[in-house]
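*Asks:* What follows is upload.txt, compact mmCIF, C-alpha atoms.
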```txt
# COMPACT_ATOMS: atom_id res chain seq x y z
CA MET A 115 -18.80 -33.63 -80.45
CA ILE A 116 -16.12 -34.78 -82.89
CA PHE A 117 -12.43 -34.07 -82.34
CA ASP A 118 -9.93 -34.07 -85.19
CA PHE A 119 -6.55 -35.18 -83.88
CA PRO A 120 -3.31 -35.31 -85.82
CA LYS A 121 -2.11 -38.61 -87.23
CA LEU A 122 0.52 -40.41 -85.23
CA VAL A 123 4.08 -40.72 -86.34
CA LEU A 124 5.47 -43.74 -84.55
CA LEU A 125 9.19 -43.92 -84.04
CA PRO A 126 11.20 -46.43 -82.05
CA THR A 127 12.64 -44.72 -79.01
CA LEU A 128 14.91 -45.47 -76.13
CA ALA A 129 13.08 -44.33 -73.01
CA ILE A 130 15.30 -43.25 -70.17
CA ALA A 131 14.16 -44.12 -66.68
CA LEU A 132 14.12 -40.96 -64.64
CA GLY A 133 14.24 -42.70 -61.28
CA ALA A 134 10.97 -41.12 -60.18
CA GLY A 135 7.66 -42.85 -60.12
CA CYS A 136 4.44 -43.31 -58.30
CA THR A 137 5.62 -42.46 -54.82
CA ASP A 138 4.79 -39.91 -52.22
CA ASP A 139 7.96 -38.02 -53.13
CA PRO A 140 7.94 -34.67 -51.28
CA ALA A 141 9.52 -33.06 -54.36
CA THR A 142 6.39 -33.89 -56.36
CA PRO A 143 3.62 -31.30 -56.11
CA ALA A 144 0.66 -32.47 -54.03
CA GLY A 145 -1.79 -31.69 -56.79
CA PRO A 146 -2.81 -29.44 -59.64
CA GLY A 147 -1.88 -25.85 -58.87
CA ALA A 148 0.31 -27.00 -55.95
CA ALA A 149 3.21 -25.06 -54.51
CA GLY A 150 5.78 -24.26 -57.15
CA ALA A 151 3.22 -23.95 -59.91
CA SER A 152 2.74 -20.36 -60.99
CA ALA A 153 -0.87 -19.37 -61.24
CA ALA A 154 -2.07 -17.34 -64.20
CA GLY A 155 -2.02 -13.65 -63.50
CA THR A 156 0.46 -13.81 -60.61
CA GLY A 157 3.22 -12.20 -62.63
CA SER A 158 5.54 -15.19 -62.40
CA ALA A 159 6.54 -17.03 -65.54
CA ALA A 160 4.90 -20.36 -66.31
CA VAL A 161 7.12 -23.43 -66.40
CA SER A 162 7.96 -24.63 -69.90
CA SER A 163 8.16 -28.41 -69.29
CA ALA A 164 6.90 -31.20 -67.05
CA VAL A 165 7.32 -34.96 -67.03
CA ALA A 166 5.61 -38.05 -65.66
CA ALA A 167 7.94 -41.00 -65.04
CA ILE A 168 5.69 -43.97 -65.80
CA THR A 169 6.19 -47.15 -63.79
CA GLY A 170 4.27 -50.41 -63.76
CA PHE A 171 0.98 -50.49 -61.86
CA ASN A 172 -1.29 -53.34 -60.83
CA GLY A 173 1.12 -56.01 -62.12
CA GLY A 174 1.87 -54.11 -65.35
CA THR A 175 5.46 -53.89 -66.55
CA VAL A 176 5.14 -50.97 -68.95
CA THR A 177 7.46 -48.04 -68.16
CA GLY A 178 8.32 -44.77 -69.85
CA THR A 179 7.73 -41.03 -69.82
CA ALA A 180 5.07 -38.49 -70.72
CA THR A 181 6.89 -35.21 -71.40
CA PHE A 182 4.88 -31.99 -71.63
CA SER A 183 6.55 -29.03 -73.36
CA LYS A 184 5.41 -25.54 -74.17
CA ALA A 185 5.08 -25.18 -77.95
CA GLY A 186 4.93 -21.57 -79.03
CA ALA A 187 3.20 -18.93 -76.97
CA THR A 188 0.23 -20.95 -75.71
CA ASP A 189 0.21 -24.54 -76.97
CA VAL A 190 1.40 -27.57 -75.00
CA THR A 191 2.81 -30.70 -76.63
CA VAL A 192 2.92 -34.10 -74.94
CA THR A 193 5.26 -36.83 -76.13
CA VAL A 194 4.60 -40.27 -74.67
CA SER A 195 7.35 -42.90 -74.83
CA LEU A 196 6.70 -46.42 -73.58
CA THR A 197 8.95 -49.44 -73.11
CA ASN A 198 8.20 -53.03 -72.12
CA CYS A 199 5.13 -53.03 -74.34
CA VAL A 200 3.90 -55.59 -76.87
CA ALA A 201 4.70 -54.91 -80.55
CA GLY A 202 1.68 -53.85 -82.57
CA LYS A 203 -0.55 -53.24 -79.55
CA ALA A 204 -2.17 -49.82 -78.95
CA TYR A 205 -2.02 -48.66 -75.33
CA PRO A 206 -4.63 -46.04 -74.34
CA VAL A 207 -3.11 -43.22 -72.27
CA HIS A 208 -4.87 -40.42 -70.41
CA ILE A 209 -4.37 -37.70 -67.86
CA HIS A 210 -6.38 -38.58 -64.75
CA ALA A 211 -7.82 -36.14 -62.22
CA GLY A 212 -6.06 -37.77 -59.26
CA THR A 213 -2.74 -36.70 -57.79
CA SER A 214 -1.08 -39.99 -56.83
CA CYS A 215 -0.29 -43.41 -58.27
CA ALA A 216 -0.71 -45.21 -54.95
CA ASP A 217 -3.91 -46.94 -56.08
CA ALA A 218 -6.71 -46.56 -58.64
CA MET A 219 -8.76 -44.41 -56.23
CA SER A 220 -5.84 -41.95 -55.87
CA GLN A 221 -5.44 -41.80 -59.66
CA GLY A 222 -9.08 -40.78 -60.02
CA ASP A 223 -11.14 -40.75 -63.17
CA HIS A 224 -10.13 -39.22 -66.49
CA TRP A 225 -9.39 -35.50 -66.19
CA GLY A 226 -12.20 -33.98 -68.04
CA PRO A 227 -14.75 -33.93 -69.33
CA ALA A 228 -12.43 -33.91 -72.36
CA ARG A 229 -9.35 -32.06 -71.07
CA GLY A 230 -7.27 -35.15 -70.40
CA GLU A 231 -8.58 -37.08 -73.38
CA GLY A 232 -7.54 -36.99 -76.97
CA ILE A 233 -4.01 -38.26 -76.48
CA PRO A 234 -3.61 -40.86 -79.21
CA SER A 235 -3.01 -44.39 -78.03
CA VAL A 236 0.65 -45.38 -78.13
CA THR A 237 1.22 -48.22 -80.58
CA CYS A 238 4.40 -50.11 -79.82
CA THR A 239 7.00 -50.93 -82.44
CA GLY A 240 9.13 -53.75 -81.11
CA THR A 241 9.09 -53.18 -77.36
CA THR A 242 8.93 -49.36 -77.57
CA GLY A 243 6.38 -46.84 -78.77
CA THR A 244 6.04 -43.07 -79.11
CA SER A 245 3.05 -40.78 -79.59
CA THR A 246 3.01 -36.98 -79.85
CA LEU A 247 0.11 -34.55 -79.59
CA THR A 248 -0.03 -30.75 -79.53
CA ARG A 249 -2.98 -29.43 -77.58
CA ALA A 250 -3.83 -25.94 -78.83
CA ALA A 251 -4.91 -23.43 -76.22
CA THR A 252 -7.35 -21.83 -78.67
CA ASP A 253 -10.08 -24.18 -77.38
CA PRO A 254 -10.43 -23.33 -73.66
CA THR A 255 -12.36 -26.53 -72.99
CA LEU A 256 -9.29 -28.55 -74.02
CA ALA A 257 -6.40 -26.22 -73.15
CA TRP A 258 -3.42 -27.43 -71.14
CA THR A 259 -0.89 -25.33 -69.26
CA ILE A 260 2.28 -26.21 -67.40
CA GLY A 261 2.18 -24.43 -64.07
CA GLY A 262 -0.74 -22.22 -65.10
CA ASP A 263 -4.31 -21.89 -63.88
CA ALA A 264 -5.41 -24.86 -61.73
CA ALA A 265 -8.22 -25.69 -64.18
CA THR A 266 -5.75 -26.22 -67.06
CA ASN A 267 -2.48 -27.12 -65.27
CA VAL A 268 -1.27 -30.66 -66.06
CA VAL A 269 1.23 -30.62 -63.16
CA GLY A 270 0.25 -32.83 -60.24
CA HIS A 271 -2.18 -35.02 -62.20
CA ALA A 272 -1.69 -38.77 -62.63
CA PHE A 273 -0.76 -39.91 -66.14
CA VAL A 274 -2.16 -43.41 -66.67
CA VAL A 275 -1.45 -46.15 -69.22
CA HIS A 276 -4.24 -48.66 -69.83
CA ALA A 277 -3.94 -52.25 -71.08
CA PRO A 278 -4.40 -52.77 -74.83
CA ASP A 279 -7.20 -54.80 -76.43
CA VAL A 280 -9.73 -54.37 -73.62
CA PRO A 281 -12.76 -52.55 -75.08
CA MET A 282 -14.62 -51.68 -71.87
CA MET A 283 -12.86 -50.43 -68.73
CA PRO A 284 -9.28 -51.42 -69.65
CA PRO A 285 -7.18 -52.03 -66.55
CA ARG A 286 -4.55 -49.51 -65.51
CA ILE A 287 -1.07 -50.96 -66.00
CA GLY A 288 1.20 -47.92 -65.70
CA CYS A 289 1.18 -44.59 -63.90
CA GLY A 290 3.30 -41.51 -63.21
CA VAL A 291 2.51 -38.17 -61.55
CA ILE A 292 3.24 -35.18 -63.78
CA ALA A 293 5.88 -32.97 -62.14
CA MET A 294 7.64 -29.81 -63.23
CA LYS A 295 10.93 -30.52 -64.93
```
Rewrite the structure of this file - the entire thing - as structure tokens.
*Replies:*
Amino acid sequence: MIFDFPKLVLLPTLAIALGAGCTDDPATPAGPGAAGASAAGTGSAAVSSAVAAITGFNGGTVTGTATFSKAGATDVTVTVSLTNCVAGKAYPVHIHAGTSCADAMSQGDHWGPARGEGIPSVTCTGTTGTSTLTRAATDPTLAWTIGGDAATNVVGHAFVVHAPDVPMMPPRIGCGVIAMK
């Protein structure tokens, strides 16, 4: 299966630390579809934005945010901003199935099969980098929601940054749990 993703527009950005990270913060939902997330068909409105505050993991120093926003009636856009990264290097980023950043086991594997994939790698300009992707809900195998059905809800999943230039099994160097904004 071939996916056609939009080209990246890379812009320098100043990422703002949100003070949240990979902790067992009781304000962070325990997992996808957790309390506070409105399920599809319940009559409550879906949340329009969510954010993962990315902090270093496993000795990594990369930080930043992955901000998910509702775009139009059904599409979700993610904007990834990284700091403390190496200029010119492409950092693979993915949504993982896990619900915590405590360790690699808690982060789980890639959310998928393809649902958490397809986010373009973030190529850093200077020590910052930005990548944006709109995930259209017209393909149910790839749809994302914010606070929607548990199968498509990004909230509660771990957002992971991998090391650049490692072709097979790149180590995880940054992580943040996606929480409603």
*Asks:* Which residue, A:Ser220, A:Asn198, A:Thr244, A:Thr188, has the smallest gap to Val274 in chain A when you use all atoms listed in the file?
*Replies:*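 That would be A:Ser220, the residue with the smallest distance to Val274 in chain A.
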*Asks:* What's the separation between CA of Ala204 in chain A and CA of Ser235 in chain A, in Å to one decimal place?
*Replies:*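 For CA of Ala204 in chain A relative to CA of Ser235 in chain A, the distance reads 5.6 Å.
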*Asks:* What is the CA of Ala264 in chain A to CA of Gly226 in chain A distance in Å?
*Replies:*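 These atoms are spaced 13.0 Å apart.
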*Asks:* Using only C-alpha atoms, determine which residues lie at most 6 Å from range 178-186 of chain A, disregarding the query and same-chain residues fewer than 4 positions distant; provide the list as a list in words.
*Replies:*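 So the residues in contact are Ala129, Ser162, Ser163, Ala164, Val165, Ala166, Ala167, Ile168, Val190, Thr191, Val192, Thr193, Val194, Ser195, Leu196 and Thr197 of chain A.
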*Asks:* Hey, can you check how far CA of Ile292 in chain A sits from CA of Thr237 in chain A?
*Replies:* 21.4 Å
*Asks:* Tell me which of A:Cys238, A:Met294, A:His271, A:Gly222 sits closest to Ile209 in chain A, counting all atoms listed in the file.
*Replies:* A:His271
*Asks:* Considering all atoms listed in the file, state which residue in the set A:Met282, A:Ala293, A:Thr239, A:Thr259 is at the smallest distance from Ala187 in chain A.
*Replies:* A:Thr259
*Asks:* Taking into account only C-alpha atoms, which residue in the set A:Thr266, A:Thr241, A:Gln221, A:Thr213 is nearest to Phe171 in chain A?
*Replies:*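 Once distances to Phe171 in chain A are computed over only C-alpha atoms, the minimum belongs to A:Gln221.
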*Asks:* Quick one: everything within 10 Å of Gly288 in chain A, counting only C-alpha atoms, minus sequence neighbours fewer than 6 positions away in the same chain. Send it as a PyMOL selection string.
*Replies:* chain A and resi 135-136+167-178+196+207+215+273-277
*Asks:* Kindly list the centre and edge lengths in Å, rounded to one decimal, for the axis-aligned box that covers all listed atoms of range 187-197 of chain A plus 5 Å on each of its six sides, as JSON.
*Replies:*
```
{"center_x": 4.6, "center_y": -34.2, "center_z": -75.0, "size_x": 18.7, "size_y": 40.5, "size_z": 13.9}
```
*Asks:* Between A:Leu256, A:Val291, A:Val200, A:Ala218, which one has atoms that come closest to Ala272 in chain A, using only C-alpha atoms?
*Replies:*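 The answer is A:Val291, which sits nearest to Ala272 in chain A.
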*Asks:* Taking into account all atoms listed in the file, which residue in the set A:Arg286, A:Lys295, A:Gly243, A:Ala265 is nearest to Met219 in chain A?
*Replies:* A:Arg286
*Asks:* Excluding His224 in chain A and its own-chain neighbours fewer than 6 positions away, which residues fall within 7 Å of it when counting all atoms listed in the file? Please give them as a PyMOL selection string.
*Replies:* chain A and resi 208-211+230
